Amino acid sequence: MAAAPQAPKRGSVRKTRPVTVKTSLNNPYVISWSTLEREDMHFILQTLEDRLKSIGLQKIEDKKRKKAALVKKQGTESCGQDVAISENIKEQTPDANQAASGWTPVHARKQLAIGVNEVTRALERNELLLVLVCKSAKPAIITSHLIQLSLSRSVPACQVPRLSERIAPVIGLKCVLALGFRKTTTDFADEVKAIIPRVPSLNVPWLHDTIKEPEDRLETESLESQDKGVLESSFEDLTTLGKRKLAESRQASAAVLQPLKIKKLIPNPSKIRKPPKNKKTTSK
């Protein structure tokens, strides 16, 4: 038989486990969204709501998936009832199946970025013209990273109260915490031009505000038209165009990082420091 575990003797000393300590840096800056005026808030919400209703953008849930879920939930019932439910699903009309799932105008949905994750990915790829964030997002850290990201991409962004409350029912979603308009948009171009002047500028201490004008950002010229303009222009026009392009490229790359100022260094009191090793004297 195996011997029973014995209690530690009086002379033995139990070794305590070292406490794990994680060092972290505290940000001395407080980054927050700029306040939006009440009149601008009502204007933004009303223009978006009217435009979405006129386009008819809406997400319709699939009825087949709902009925399939009901069939799985009713698995404890008799086999005859399951057969009857499956027959009812097969006897659906083709009209109900056609308006089953997805977004109604697909081309309009591709011009928008809906949700925090989709807006973040689009900002990282520099594909947006405007970003609107709902104020009811809790905790606030869900949308706070969009301040620095939008300013670094020179995209106007603001926090709009009651955005999810007004826009989500029109689209057919439960909530809309973030909404972005892509550069390829044509259905929302006029609305973006009207909203951008009302968006307050963001303030990040280590980034400069390099947001361009909406007219320059919404210009989408094809390669053929640019080639024709270059051929018809004179040498002086070419030099002026080159200077303008250089100025625009400098403005785009004007996001200069400022040095971070460290106010105070506090040592970690719980850090275990080993004593220095003394040199052993070798006896001859």
# chains A, B, ... in the order shown; residues from 1 in each chain; ligands from 1
$ residues_around --residues "region 19-24 of chain A" --least-positions-apart "4" --cutoff "9 Å" --atoms "only C-alpha atoms" --output "ChimeraX atom specification"
/A:268,270-271
$ atom_distance --atom1 "CA of Gly56 (chain A)" --atom2 "CA of Val199 (chain A)"
25.6 Å
$ closest_residue --among "A:Val155, A:Leu177, A:Ile272, A:Asn126" --to "Ala140 (chain A)" --atoms "only C-alpha atoms"
A:Leu177
$ closest_residue --among "A:Thr143, A:Ser136, A:Gln111, A:Thr47" --to "Phe181 (chain A)" --atoms "only C-alpha atoms"
A:Gln111
$ closest_residue --among "A:Lys263, A:Val116, A:Pro276, A:Lys15" --to "Ile141 (chain A)" --atoms "only C-alpha atoms"
A:Val116
$ closest_residue --among "A:Leu128, A:Ile147, A:Val133, A:Val119" --to "Val30 (chain A)" --atoms "only C-alpha atoms"
A:Ile147
$ closest_residue --among "A:Pro275, A:Pro259, A:Pro197, A:Gly115" --to "Leu36 (chain A)" --atoms "only C-alpha atoms"
A:Pro197
$ closest_residue --among "A:Ile167, A:Ala178, A:Leu173, A:Ile196" --to "Gln46 (chain A)" --atoms "only C-alpha atoms"
A:Ile167
$ atom_distance --atom1 "CA of Gln58 (chain A)" --atom2 "CA of Gly102 (chain A)"
8.3 Å
$ atom_distance --atom1 "CA of Met41 (chain A)" --atom2 "CA of Leu123 (chain A)"
22.8 Å
$ residues_around --residues "Glu124 (chain A)" --least-positions-apart "4" --cutoff "12 Å" --atoms "only C-alpha atoms" --output "VMD selection string"
chain A and resid 117 to 120 128 145 to 146 148 to 155
$ select_by_dssp --residues "region 115-190 of chain A" --states "helix (DSSP H, G or I)" --output "compact mmCIF listing (two decimals) with N, CA, C and O atoms, in the first residue's frame"
# COMPACT_ATOMS: atom_id res chain seq x y z
N VAL A 116 -18.55 48.70 -35.59
CA VAL A 116 -17.23 49.16 -35.15
C VAL A 116 -16.12 48.39 -35.85
O VAL A 116 -15.11 48.98 -36.29
N ASN A 117 -16.27 47.08 -35.99
CA ASN A 117 -15.22 46.27 -36.63
C ASN A 117 -15.04 46.63 -38.10
O ASN A 117 -13.91 46.77 -38.59
N GLU A 118 -16.15 46.79 -38.81
CA GLU A 118 -16.05 47.11 -40.23
C GLU A 118 -15.50 48.52 -40.45
O GLU A 118 -14.71 48.75 -41.38
N VAL A 119 -15.89 49.46 -39.60
CA VAL A 119 -15.36 50.82 -39.71
C VAL A 119 -13.86 50.84 -39.40
O VAL A 119 -13.08 51.55 -40.07
N THR A 120 -13.43 50.07 -38.41
CA THR A 120 -12.00 50.02 -38.07
C THR A 120 -11.19 49.45 -39.23
O THR A 120 -10.12 50.00 -39.58
N ARG A 121 -11.66 48.38 -39.84
CA ARG A 121 -10.93 47.80 -40.98
C ARG A 121 -10.88 48.78 -42.16
O ARG A 121 -9.85 48.90 -42.84
N ALA A 122 -11.99 49.46 -42.41
CA ALA A 122 -12.01 50.41 -43.53
C ALA A 122 -11.11 51.61 -43.27
O ALA A 122 -10.48 52.13 -44.21
N LEU A 123 -11.02 52.06 -42.03
CA LEU A 123 -10.12 53.17 -41.71
C LEU A 123 -8.66 52.75 -41.85
O LEU A 123 -7.82 53.53 -42.32
N GLU A 124 -8.33 51.54 -41.45
CA GLU A 124 -6.96 51.06 -41.59
C GLU A 124 -6.55 50.98 -43.06
O GLU A 124 -5.37 51.20 -43.39
N ILE A 141 -14.55 52.66 -24.33
CA ILE A 141 -13.31 52.21 -24.99
C ILE A 141 -13.59 51.46 -26.28
O ILE A 141 -12.68 51.25 -27.10
N ILE A 142 -14.84 51.07 -26.51
CA ILE A 142 -15.18 50.35 -27.75
C ILE A 142 -14.95 51.25 -28.96
O ILE A 142 -14.51 50.78 -30.02
N THR A 143 -15.25 52.53 -28.84
CA THR A 143 -15.13 53.45 -29.97
C THR A 143 -14.05 54.50 -29.79
O THR A 143 -13.85 55.32 -30.69
N SER A 144 -13.34 54.51 -28.67
CA SER A 144 -12.34 55.56 -28.43
C SER A 144 -11.13 55.43 -29.36
O SER A 144 -10.47 56.43 -29.65
N HIS A 145 -10.82 54.23 -29.82
CA HIS A 145 -9.66 54.06 -30.71
C HIS A 145 -9.90 54.68 -32.08
O HIS A 145 -8.95 54.93 -32.82
N LEU A 146 -11.16 54.94 -32.44
CA LEU A 146 -11.46 55.53 -33.73
C LEU A 146 -11.04 57.00 -33.80
O LEU A 146 -10.94 57.54 -34.91
N ILE A 147 -10.84 57.65 -32.65
CA ILE A 147 -10.41 59.05 -32.67
C ILE A 147 -9.03 59.17 -33.29
O ILE A 147 -8.81 59.94 -34.23
N GLN A 148 -8.07 58.41 -32.77
CA GLN A 148 -6.70 58.47 -33.28
C GLN A 148 -6.61 57.92 -34.70
O GLN A 148 -5.88 58.45 -35.54
N LEU A 149 -7.38 56.85 -34.96
CA LEU A 149 -7.30 56.21 -36.27
C LEU A 149 -7.85 57.11 -37.37
O LEU A 149 -7.27 57.22 -38.46
N SER A 150 -8.96 57.78 -37.10
CA SER A 150 -9.55 58.66 -38.11
C SER A 150 -8.72 59.91 -38.32
O SER A 150 -8.59 60.40 -39.45
N LEU A 151 -8.12 60.44 -37.26
CA LEU A 151 -7.29 61.63 -37.41
C LEU A 151 -6.00 61.31 -38.14
O LEU A 151 -5.50 62.13 -38.93
N SER A 152 -5.42 60.14 -37.90
CA SER A 152 -4.21 59.75 -38.62
C SER A 152 -4.47 59.51 -40.10
O SER A 152 -3.57 59.66 -40.92
N LEU A 163 -27.66 58.08 -32.44
CA LEU A 163 -27.45 57.59 -33.80
C LEU A 163 -28.06 56.21 -33.98
O LEU A 163 -28.76 55.94 -34.96
N SER A 164 -27.80 55.32 -33.02
CA SER A 164 -28.36 53.97 -33.11
C SER A 164 -29.87 53.97 -32.96
O SER A 164 -30.56 53.18 -33.60
N GLU A 165 -30.39 54.86 -32.14
CA GLU A 165 -31.83 54.90 -31.90
C GLU A 165 -32.60 55.33 -33.14
O GLU A 165 -33.72 54.86 -33.37
N ARG A 166 -32.02 56.22 -33.95
CA ARG A 166 -32.72 56.73 -35.13
C ARG A 166 -32.42 55.93 -36.39
O ARG A 166 -33.31 55.77 -37.25
N ILE A 167 -31.18 55.44 -36.54
CA ILE A 167 -30.78 54.81 -37.81
C ILE A 167 -31.03 53.32 -37.82
O ILE A 167 -31.39 52.73 -38.85
N ALA A 168 -30.85 52.64 -36.67
CA ALA A 168 -30.98 51.18 -36.63
C ALA A 168 -32.36 50.70 -37.05
O ALA A 168 -32.46 49.75 -37.84
N PRO A 169 -33.49 51.29 -36.59
CA PRO A 169 -34.80 50.80 -37.06
C PRO A 169 -35.04 51.01 -38.55
O PRO A 169 -35.74 50.22 -39.18
N VAL A 170 -34.45 52.05 -39.12
CA VAL A 170 -34.64 52.30 -40.55
C VAL A 170 -33.93 51.24 -41.37
O VAL A 170 -34.45 50.76 -42.40
N ILE A 171 -32.73 50.83 -40.94
CA ILE A 171 -31.95 49.83 -41.69
C ILE A 171 -32.43 48.41 -41.41
O ILE A 171 -32.25 47.52 -42.23
N ALA A 189 -23.18 60.92 -51.63
CA ALA A 189 -22.16 61.96 -51.85
C ALA A 189 -22.66 63.32 -51.40
O ALA A 189 -21.94 64.08 -50.73
N ASP A 190 -23.91 63.67 -51.73
CA ASP A 190 -24.45 64.98 -51.33
C ASP A 190 -24.60 65.08 -49.82
O ASP A 190 -24.34 66.14 -49.23
